[in-house]
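What follows is one structure encoded as structure tokens, with my remarks underneath.
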Amino acid sequence: MIPVSLLVFVMAGWCAVYLADTLLRSSVTHRISYESWLASRGLMLSPFHLRWQTTMFNRLFAYCARINPRALYLWFNSGLMFGIVAMVGSVVLLIKTLQQTFAQMTTDNPRIGGQQALQVVVPGVNLPTSQLAYFFIALLLSGIIHELGHAVAALREQVRVNGFGMFVFVVYPGAFVDLFTTHLNLISPAQQLRIFCAGVWHNFVLCVAALAFLFLLPLFLFPMYSTGGGALVTEVVQGSAADGPRGLSVGDIVTGLEDCPVRGVEDWTSCLSHLSHTPQTGYCVPVASLQPSWAHGR
């Protein structure tokens, strides 16, 4: 669950910001200077929403749009084709998710809940709060790359970019580009599709690049990084069977479970599954032999 202290901190922060904004806007002395300061810096503030917009990246977008026009044409055409395929795939996934959700609502089988095709990421619910920083950084980075694709594609199709910006809604960061709507409406549908599909196309390329980097990371870090030596313990739940002086500690490397060798996380999972379905050998020991002997050693 989301820590109460985190909720209180977020709500208190937004309330303080909104209160200060309201006081400054209602002040006869500071209203004009405050609104001028916001406008000069491209800031817009509303309840639980902070937005910043600038034109300082327009030259960078224009430069990128002039790099190898033929290659960019093929690049954004590939994005158009991917966008169409992704749209069809998204519809299929949504239909499958709706079917699974309906099946989950009409059955008492607990296994149905873990078979969702799509999972909504909710911080503190199915995303640990310790990973929030990584999540928000990844979200902001993907948003910037997404909007970069829209901006470059728009300039290539002779659509003016008014500006680029970022925002924070409650705690979720994001980015956007402001396109000149009149120019956008004058171009052909194919050109519009190239612009609209450029964002998700760039996100897909970013995802592929991140996966490639992840799989090649052991090669990049060799010889300081090794694989196949066991499963690394990163967390131990307090009060669990693995906790205690004779249990596991963070940093331990598990190399085997019973007679099942463990070379990685996949082996750990498969060994646990195998052992849970395999009869285990036990021993009958008298209770008296387990009691401490106070006379021993006297």
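Quick note on naming: the chains in the structure tokens go A, B, ... in the order shown, residues restart at 1 in each chain, and ligands are numbered from 1 in order of appearance.
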Among region 35-219 of chain A, which ones does DSSP assign to alpha helix (DSSP H) (computed from the backbone)? Answer as a short mmCIF file (atom, residue, chain, number, x, y, z; two decimals) with N, CA and C atoms, in the first residue's frame.
```
data_model
loop_
_atom_site.label_atom_id
_atom_site.label_comp_id
_atom_site.auth_asym_id
_atom_site.auth_seq_id
_atom_site.Cartn_x
_atom_site.Cartn_y
_atom_site.Cartn_z
N GLU A 35 2.04 37.34 -12.29
CA GLU A 35 1.55 36.79 -13.55
C GLU A 35 2.53 37.04 -14.68
N SER A 36 3.22 38.17 -14.65
CA SER A 36 4.26 38.43 -15.66
C SER A 36 5.42 37.46 -15.51
N TRP A 37 5.77 37.17 -14.27
CA TRP A 37 6.85 36.22 -14.01
C TRP A 37 6.49 34.82 -14.51
N LEU A 38 5.25 34.40 -14.29
CA LEU A 38 4.80 33.10 -14.79
C LEU A 38 4.82 33.05 -16.31
N ALA A 39 4.31 34.12 -16.94
CA ALA A 39 4.24 34.15 -18.40
C ALA A 39 5.63 34.18 -19.03
N SER A 40 6.56 34.91 -18.42
CA SER A 40 7.90 35.01 -18.99
C SER A 40 8.65 33.68 -18.92
N ASN A 58 13.25 24.63 -30.17
CA ASN A 58 12.74 24.64 -31.54
C ASN A 58 13.85 24.53 -32.58
N ARG A 59 14.98 25.17 -32.31
CA ARG A 59 16.10 25.08 -33.26
C ARG A 59 16.66 23.66 -33.31
N LEU A 60 16.69 23.00 -32.18
CA LEU A 60 17.16 21.62 -32.15
C LEU A 60 16.22 20.72 -32.95
N PHE A 61 14.92 20.92 -32.79
CA PHE A 61 13.95 20.13 -33.56
C PHE A 61 14.12 20.40 -35.06
N ALA A 62 14.31 21.67 -35.42
CA ALA A 62 14.47 22.02 -36.83
C ALA A 62 15.74 21.40 -37.40
N TYR A 63 16.80 21.38 -36.62
CA TYR A 63 18.05 20.77 -37.08
C TYR A 63 17.87 19.27 -37.31
N CYS A 64 17.19 18.61 -36.38
CA CYS A 64 16.95 17.17 -36.53
C CYS A 64 16.08 16.87 -37.75
N ALA A 65 15.14 17.78 -38.05
CA ALA A 65 14.24 17.55 -39.18
C ALA A 65 14.93 17.73 -40.52
N PRO A 69 16.99 13.99 -45.35
CA PRO A 69 15.53 13.93 -45.58
C PRO A 69 15.04 12.57 -46.07
N ARG A 70 15.82 11.91 -46.92
CA ARG A 70 15.40 10.61 -47.45
C ARG A 70 15.31 9.57 -46.33
N ALA A 71 16.32 9.57 -45.46
CA ALA A 71 16.31 8.62 -44.34
C ALA A 71 15.16 8.92 -43.39
N LEU A 72 14.88 10.21 -43.15
CA LEU A 72 13.77 10.56 -42.27
C LEU A 72 12.43 10.15 -42.88
N TYR A 73 12.33 10.26 -44.20
CA TYR A 73 11.10 9.84 -44.87
C TYR A 73 10.85 8.35 -44.65
N LEU A 74 11.89 7.55 -44.84
CA LEU A 74 11.76 6.11 -44.60
C LEU A 74 11.52 5.81 -43.13
N TRP A 75 12.17 6.58 -42.27
CA TRP A 75 12.02 6.37 -40.82
C TRP A 75 10.58 6.59 -40.37
N PHE A 76 10.01 7.71 -40.76
CA PHE A 76 8.65 8.02 -40.32
C PHE A 76 7.60 7.20 -41.07
N ASN A 77 7.91 6.75 -42.28
CA ASN A 77 7.01 5.81 -42.95
C ASN A 77 6.98 4.48 -42.21
N SER A 78 8.14 4.06 -41.71
CA SER A 78 8.19 2.85 -40.88
C SER A 78 7.36 3.04 -39.62
N GLY A 79 7.44 4.24 -39.06
CA GLY A 79 6.63 4.54 -37.89
C GLY A 79 5.15 4.51 -38.18
N LEU A 80 4.78 4.97 -39.39
CA LEU A 80 3.36 4.93 -39.78
C LEU A 80 2.87 3.49 -39.85
N MET A 81 3.65 2.63 -40.49
CA MET A 81 3.26 1.22 -40.59
C MET A 81 3.20 0.57 -39.21
N PHE A 82 4.18 0.88 -38.37
CA PHE A 82 4.17 0.32 -37.02
C PHE A 82 2.96 0.82 -36.24
N GLY A 83 2.62 2.09 -36.41
CA GLY A 83 1.47 2.64 -35.69
C GLY A 83 0.18 1.93 -36.05
N ILE A 84 0.02 1.61 -37.33
CA ILE A 84 -1.20 0.91 -37.76
C ILE A 84 -1.24 -0.50 -37.15
N VAL A 85 -0.10 -1.19 -37.22
CA VAL A 85 -0.04 -2.54 -36.64
C VAL A 85 -0.25 -2.49 -35.13
N ALA A 86 0.38 -1.51 -34.48
CA ALA A 86 0.23 -1.38 -33.03
C ALA A 86 -1.20 -1.05 -32.64
N MET A 87 -1.88 -0.27 -33.47
CA MET A 87 -3.28 0.06 -33.17
C MET A 87 -4.14 -1.20 -33.19
N VAL A 88 -3.93 -2.04 -34.20
CA VAL A 88 -4.69 -3.29 -34.27
C VAL A 88 -4.34 -4.19 -33.08
N GLY A 89 -3.04 -4.28 -32.78
CA GLY A 89 -2.63 -5.09 -31.64
C GLY A 89 -3.18 -4.57 -30.32
N SER A 90 -3.25 -3.25 -30.19
CA SER A 90 -3.79 -2.66 -28.96
C SER A 90 -5.27 -2.99 -28.79
N VAL A 91 -6.00 -2.95 -29.90
CA VAL A 91 -7.43 -3.30 -29.82
C VAL A 91 -7.60 -4.76 -29.39
N VAL A 92 -6.76 -5.64 -29.94
CA VAL A 92 -6.84 -7.06 -29.57
C VAL A 92 -6.52 -7.24 -28.09
N LEU A 93 -5.48 -6.55 -27.61
CA LEU A 93 -5.12 -6.65 -26.20
C LEU A 93 -6.21 -6.11 -25.29
N LEU A 94 -6.83 -5.01 -25.69
CA LEU A 94 -7.91 -4.44 -24.89
C LEU A 94 -9.11 -5.38 -24.82
N ILE A 95 -9.44 -5.98 -25.96
CA ILE A 95 -10.56 -6.93 -25.96
C ILE A 95 -10.24 -8.13 -25.08
N LYS A 96 -9.02 -8.63 -25.18
CA LYS A 96 -8.62 -9.77 -24.35
C LYS A 96 -8.64 -9.41 -22.87
N THR A 97 -8.19 -8.19 -22.55
CA THR A 97 -8.20 -7.76 -21.16
C THR A 97 -9.63 -7.63 -20.63
N LEU A 98 -10.53 -7.11 -21.46
CA LEU A 98 -11.93 -7.01 -21.06
C LEU A 98 -12.53 -8.39 -20.82
N GLN A 99 -12.20 -9.33 -21.68
CA GLN A 99 -12.70 -10.70 -21.49
C GLN A 99 -12.17 -11.30 -20.20
N GLN A 100 -10.89 -11.10 -19.92
CA GLN A 100 -10.31 -11.64 -18.70
C GLN A 100 -10.88 -10.95 -17.46
N THR A 101 -11.12 -9.64 -17.56
CA THR A 101 -11.71 -8.93 -16.44
C THR A 101 -13.13 -9.42 -16.17
N PHE A 102 -13.89 -9.63 -17.23
CA PHE A 102 -15.25 -10.15 -17.07
C PHE A 102 -15.23 -11.56 -16.48
N ALA A 103 -14.28 -12.38 -16.94
CA ALA A 103 -14.16 -13.74 -16.40
C ALA A 103 -13.76 -13.70 -14.93
N GLN A 104 -12.91 -12.74 -14.57
CA GLN A 104 -12.50 -12.61 -13.17
C GLN A 104 -13.67 -12.19 -12.28
N MET A 105 -14.55 -11.36 -12.82
CA MET A 105 -15.69 -10.89 -12.04
C MET A 105 -16.77 -11.96 -11.88
N LEU A 132 9.80 4.07 -7.07
CA LEU A 132 9.06 5.20 -7.66
C LEU A 132 9.98 6.13 -8.45
N ALA A 133 11.18 6.36 -7.94
CA ALA A 133 12.10 7.27 -8.64
C ALA A 133 12.44 6.72 -10.02
N TYR A 134 12.74 5.42 -10.11
CA TYR A 134 13.05 4.82 -11.41
C TYR A 134 11.83 4.89 -12.34
N PHE A 135 10.66 4.67 -11.77
CA PHE A 135 9.43 4.68 -12.57
C PHE A 135 9.17 6.06 -13.16
N PHE A 136 9.29 7.10 -12.34
CA PHE A 136 9.01 8.45 -12.82
C PHE A 136 10.08 8.94 -13.80
N ILE A 137 11.33 8.56 -13.57
CA ILE A 137 12.39 8.93 -14.52
C ILE A 137 12.15 8.26 -15.87
N ALA A 138 11.79 6.98 -15.84
CA ALA A 138 11.50 6.27 -17.09
C ALA A 138 10.28 6.86 -17.78
N LEU A 139 9.28 7.24 -17.00
CA LEU A 139 8.07 7.84 -17.56
C LEU A 139 8.37 9.17 -18.23
N LEU A 140 9.18 10.00 -17.58
CA LEU A 140 9.53 11.30 -18.15
C LEU A 140 10.40 11.13 -19.39
N LEU A 141 11.36 10.22 -19.34
CA LEU A 141 12.23 10.00 -20.49
C LEU A 141 11.45 9.50 -21.69
N SER A 142 10.55 8.55 -21.47
CA SER A 142 9.75 8.04 -22.58
C SER A 142 8.83 9.13 -23.13
N GLY A 143 8.33 10.00 -22.26
CA GLY A 143 7.50 11.10 -22.73
C GLY A 143 8.27 12.09 -23.59
N ILE A 144 9.51 12.39 -23.19
CA ILE A 144 10.34 13.32 -23.96
C ILE A 144 10.67 12.74 -25.33
N ILE A 145 11.05 11.46 -25.37
CA ILE A 145 11.36 10.81 -26.65
C ILE A 145 10.11 10.76 -27.53
N HIS A 146 8.97 10.50 -26.91
CA HIS A 146 7.70 10.46 -27.63
C HIS A 146 7.41 11.80 -28.31
N GLU A 147 7.54 12.88 -27.56
CA GLU A 147 7.24 14.20 -28.11
C GLU A 147 8.31 14.67 -29.08
N LEU A 148 9.53 14.22 -28.89
CA LEU A 148 10.58 14.53 -29.87
C LEU A 148 10.22 13.97 -31.24
N GLY A 149 9.67 12.76 -31.25
CA GLY A 149 9.23 12.17 -32.52
C GLY A 149 8.14 13.00 -33.17
N HIS A 150 7.16 13.45 -32.40
CA HIS A 150 6.09 14.29 -32.95
C HIS A 150 6.66 15.58 -33.52
N ALA A 151 7.57 16.21 -32.78
CA ALA A 151 8.09 17.51 -33.20
C ALA A 151 8.89 17.41 -34.50
N VAL A 152 9.79 16.43 -34.58
CA VAL A 152 10.62 16.28 -35.78
C VAL A 152 9.76 15.90 -36.98
N ALA A 153 8.80 15.00 -36.77
CA ALA A 153 7.92 14.61 -37.87
C ALA A 153 7.08 15.79 -38.34
N ALA A 154 6.61 16.61 -37.41
CA ALA A 154 5.80 17.77 -37.78
C ALA A 154 6.61 18.77 -38.60
N LEU A 155 7.81 19.07 -38.18
CA LEU A 155 8.64 20.02 -38.93
C LEU A 155 9.00 19.47 -40.30
N ARG A 156 9.19 18.17 -40.39
CA ARG A 156 9.49 17.59 -41.69
C ARG A 156 8.31 17.71 -42.65
N THR A 181 -2.12 24.22 -35.25
CA THR A 181 -3.25 23.42 -35.71
C THR A 181 -3.63 23.72 -37.16
N THR A 182 -3.52 24.97 -37.57
CA THR A 182 -3.90 25.33 -38.94
C THR A 182 -3.04 24.60 -39.96
N HIS A 183 -1.72 24.57 -39.73
CA HIS A 183 -0.83 23.84 -40.64
C HIS A 183 -1.16 22.34 -40.62
N LEU A 184 -1.48 21.83 -39.45
CA LEU A 184 -1.76 20.39 -39.31
C LEU A 184 -3.01 20.00 -40.09
N ASN A 185 -3.98 20.88 -40.13
CA ASN A 185 -5.23 20.57 -40.84
C ASN A 185 -5.10 20.71 -42.35
N LEU A 186 -4.05 21.39 -42.82
CA LEU A 186 -3.90 21.61 -44.26
C LEU A 186 -3.15 20.48 -44.97
N PRO A 189 -3.85 13.37 -45.15
CA PRO A 189 -4.01 12.39 -44.07
C PRO A 189 -2.76 11.53 -43.85
N ALA A 190 -2.05 11.19 -44.92
CA ALA A 190 -0.84 10.39 -44.77
C ALA A 190 0.22 11.16 -43.99
N GLN A 191 0.34 12.46 -44.27
CA GLN A 191 1.30 13.28 -43.53
C GLN A 191 0.90 13.40 -42.06
N GLN A 192 -0.39 13.56 -41.83
CA GLN A 192 -0.86 13.62 -40.44
C GLN A 192 -0.57 12.33 -39.69
N LEU A 193 -0.77 11.19 -40.37
CA LEU A 193 -0.50 9.91 -39.73
C LEU A 193 0.98 9.75 -39.39
N ARG A 194 1.85 10.25 -40.28
CA ARG A 194 3.28 10.17 -39.98
C ARG A 194 3.61 10.95 -38.71
N ILE A 195 2.93 12.07 -38.52
CA ILE A 195 3.17 12.88 -37.31
C ILE A 195 2.59 12.18 -36.09
N PHE A 196 1.36 11.69 -36.21
CA PHE A 196 0.70 11.09 -35.06
C PHE A 196 1.37 9.78 -34.62
N CYS A 197 1.88 9.02 -35.57
CA CYS A 197 2.50 7.73 -35.25
C CYS A 197 3.96 7.86 -34.83
N ALA A 198 4.54 9.03 -35.01
CA ALA A 198 5.96 9.19 -34.71
C ALA A 198 6.25 9.00 -33.22
N GLY A 199 5.33 9.41 -32.37
CA GLY A 199 5.57 9.30 -30.93
C GLY A 199 5.67 7.86 -30.47
N VAL A 200 4.66 7.05 -30.80
CA VAL A 200 4.67 5.66 -30.36
C VAL A 200 5.78 4.88 -31.06
N TRP A 201 6.14 5.28 -32.26
CA TRP A 201 7.25 4.64 -32.97
C TRP A 201 8.56 4.88 -32.24
N HIS A 202 8.79 6.09 -31.78
CA HIS A 202 10.00 6.39 -31.04
C HIS A 202 10.02 5.67 -29.69
N ASN A 203 8.86 5.53 -29.06
CA ASN A 203 8.79 4.77 -27.81
C ASN A 203 9.14 3.31 -28.03
N PHE A 204 8.68 2.76 -29.15
CA PHE A 204 9.00 1.37 -29.46
C PHE A 204 10.50 1.19 -29.68
N VAL A 205 11.10 2.12 -30.42
CA VAL A 205 12.54 2.04 -30.66
C VAL A 205 13.30 2.19 -29.34
N LEU A 206 12.84 3.09 -28.48
CA LEU A 206 13.47 3.25 -27.17
C LEU A 206 13.37 1.97 -26.35
N CYS A 207 12.23 1.31 -26.42
CA CYS A 207 12.04 0.06 -25.69
C CYS A 207 12.98 -1.02 -26.21
N VAL A 208 13.10 -1.13 -27.52
CA VAL A 208 14.00 -2.12 -28.11
C VAL A 208 15.45 -1.83 -27.71
N ALA A 209 15.83 -0.56 -27.75
CA ALA A 209 17.19 -0.18 -27.37
C ALA A 209 17.46 -0.50 -25.90
N ALA A 210 16.46 -0.24 -25.03
CA ALA A 210 16.63 -0.52 -23.61
C ALA A 210 16.75 -2.02 -23.35
N LEU A 211 15.95 -2.82 -24.05
CA LEU A 211 16.04 -4.27 -23.90
C LEU A 211 17.39 -4.79 -24.39
N ALA A 212 17.85 -4.26 -25.52
CA ALA A 212 19.16 -4.68 -26.04
C ALA A 212 20.27 -4.33 -25.05
N PHE A 213 20.19 -3.13 -24.48
CA PHE A 213 21.19 -2.73 -23.49
C PHE A 213 21.13 -3.62 -22.26
N LEU A 214 19.92 -3.99 -21.84
CA LEU A 214 19.76 -4.84 -20.67
C LEU A 214 20.39 -6.21 -20.89
N PHE A 215 20.12 -6.80 -22.05
CA PHE A 215 20.67 -8.13 -22.33
C PHE A 215 22.17 -8.10 -22.57
N LEU A 216 22.68 -6.97 -23.07
CA LEU A 216 24.11 -6.86 -23.33
C LEU A 216 24.89 -6.29 -22.15
N LEU A 217 24.18 -5.96 -21.07
CA LEU A 217 24.84 -5.36 -19.92
C LEU A 217 25.94 -6.25 -19.34
N PRO A 218 25.73 -7.57 -19.21
CA PRO A 218 26.85 -8.40 -18.72
C PRO A 218 28.09 -8.31 -19.59
N LEU A 219 27.89 -8.16 -20.90
CA LEU A 219 29.03 -8.03 -21.80
C LEU A 219 29.74 -6.70 -21.60
#
```
For this session: Might you pull out every residue within 8 Å of Asn162 (chain A), with only C-alpha atoms counted and same-chain residues fewer than 5 positions away left off, and present them as a list in words?
Result: Thr55, Asn58, Val177, Asp178, Leu179 and Phe180 of chain A
Restricting the output to N, CA and C atoms, write the selected residues as a compact mmCIF listing (two decimals), in the first residue's frame.
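Ended up saving to part_34.txt:
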```txt
# COMPACT_ATOMS: atom_id res chain seq x y z
N THR A 55 10.28 27.66 -26.03
CA THR A 55 10.64 27.56 -27.45
C THR A 55 12.14 27.35 -27.63
N ASN A 58 13.25 24.63 -30.17
CA ASN A 58 12.74 24.64 -31.54
C ASN A 58 13.85 24.53 -32.58
N VAL A 177 4.26 18.61 -27.00
CA VAL A 177 4.63 19.61 -28.00
C VAL A 177 3.37 20.32 -28.46
N ASP A 178 3.50 21.60 -28.69
CA ASP A 178 2.37 22.42 -29.15
C ASP A 178 2.55 22.66 -30.65
N LEU A 179 1.68 22.05 -31.46
CA LEU A 179 1.74 22.18 -32.91
C LEU A 179 0.74 23.22 -33.40
N PHE A 180 1.10 23.87 -34.51
CA PHE A 180 0.21 24.86 -35.10
C PHE A 180 -0.93 24.13 -35.81
```
Sort by chain and increasing residue number a table of all residues of region 153-244 of chain A within 12 Å of region 267-285 of chain A, each with its closest pair of atoms and their distance in Å to one decimal, counting only C-alpha atoms, and write it as a Markdown table.
```
| residue | atom | partner | partner_atom | distance |
| --- | --- | --- | --- | --- |
| A:Gly228 | CA | A:Asp267 | CA | 9.8 |
| A:Gly229 | CA | A:Asp267 | CA | 11.0 |
| A:Gly230 | CA | A:Trp268 | CA | 8.4 |
| A:Ala231 | CA | A:Trp268 | CA | 6.8 |
| A:Leu232 | CA | A:Trp268 | CA | 10.0 |
| A:Val233 | CA | A:Trp268 | CA | 10.8 |
```
Exercise. Could you work out how far CA of Ser5 (chain A) lies from CA of Ala20 (chain A), giving the answer in Å with one decimal?
Worked result: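 Here the two named atoms are 22.2 Å from each other.
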Problem set entry | Best match for closeness to Gly264 (chain A) among A:Ser226, A:Asn68, A:Ser240, A:Ser249, counting only C-alpha atoms | A:Ser226
Problem set entry | Gap from CA of Ser130 (chain A) to CA of Val10 (chain A) - Å, one decimal | 16.0 Å
For this session: Report the distance between CA of Asp259 (chain A) and CA of Pro223 (chain A) in Å, rounded to one decimal place.
Result: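 Here the two named atoms are 29.2 Å from each other.
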Exercise. Near region 42-45 of chain A, within 8 Å and counting only C-alpha atoms, which residues show up once chain neighbours fewer than 5 positions away are dropped, as a PyMOL selection string?
Worked result: chain A and resi 18+21+50-54
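With only C-alpha atoms as the atoms that count, the residue of A:Thr129, A:Pro47, A:Gly174, A:Glu258 with the shortest distance to Val4 (chain A) is A:Thr129.
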Problem set entry | Among the residues A:Val170, A:Val236, A:Ala175, A:Ile187, the one that comes closest to Leu7 (chain A) [using only C-alpha atoms] | A:Val170
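Taking region 11-246 of chain A and asking which residues DSSP calls strand (DSSP E) on the backbone, you get Leu43, Met44, Leu45, Ser46, His49, Leu50, Arg51, Trp52, Gln53, Thr54, Val161, Asn162, Gly163, Phe164, Gly165, Met166, Phe167, Val168, Phe169, Tyr172, Pro173, Gly174, Ala175, Phe176, Val177, Asp178, Leu179, Ala231 and Leu232 of chain A.
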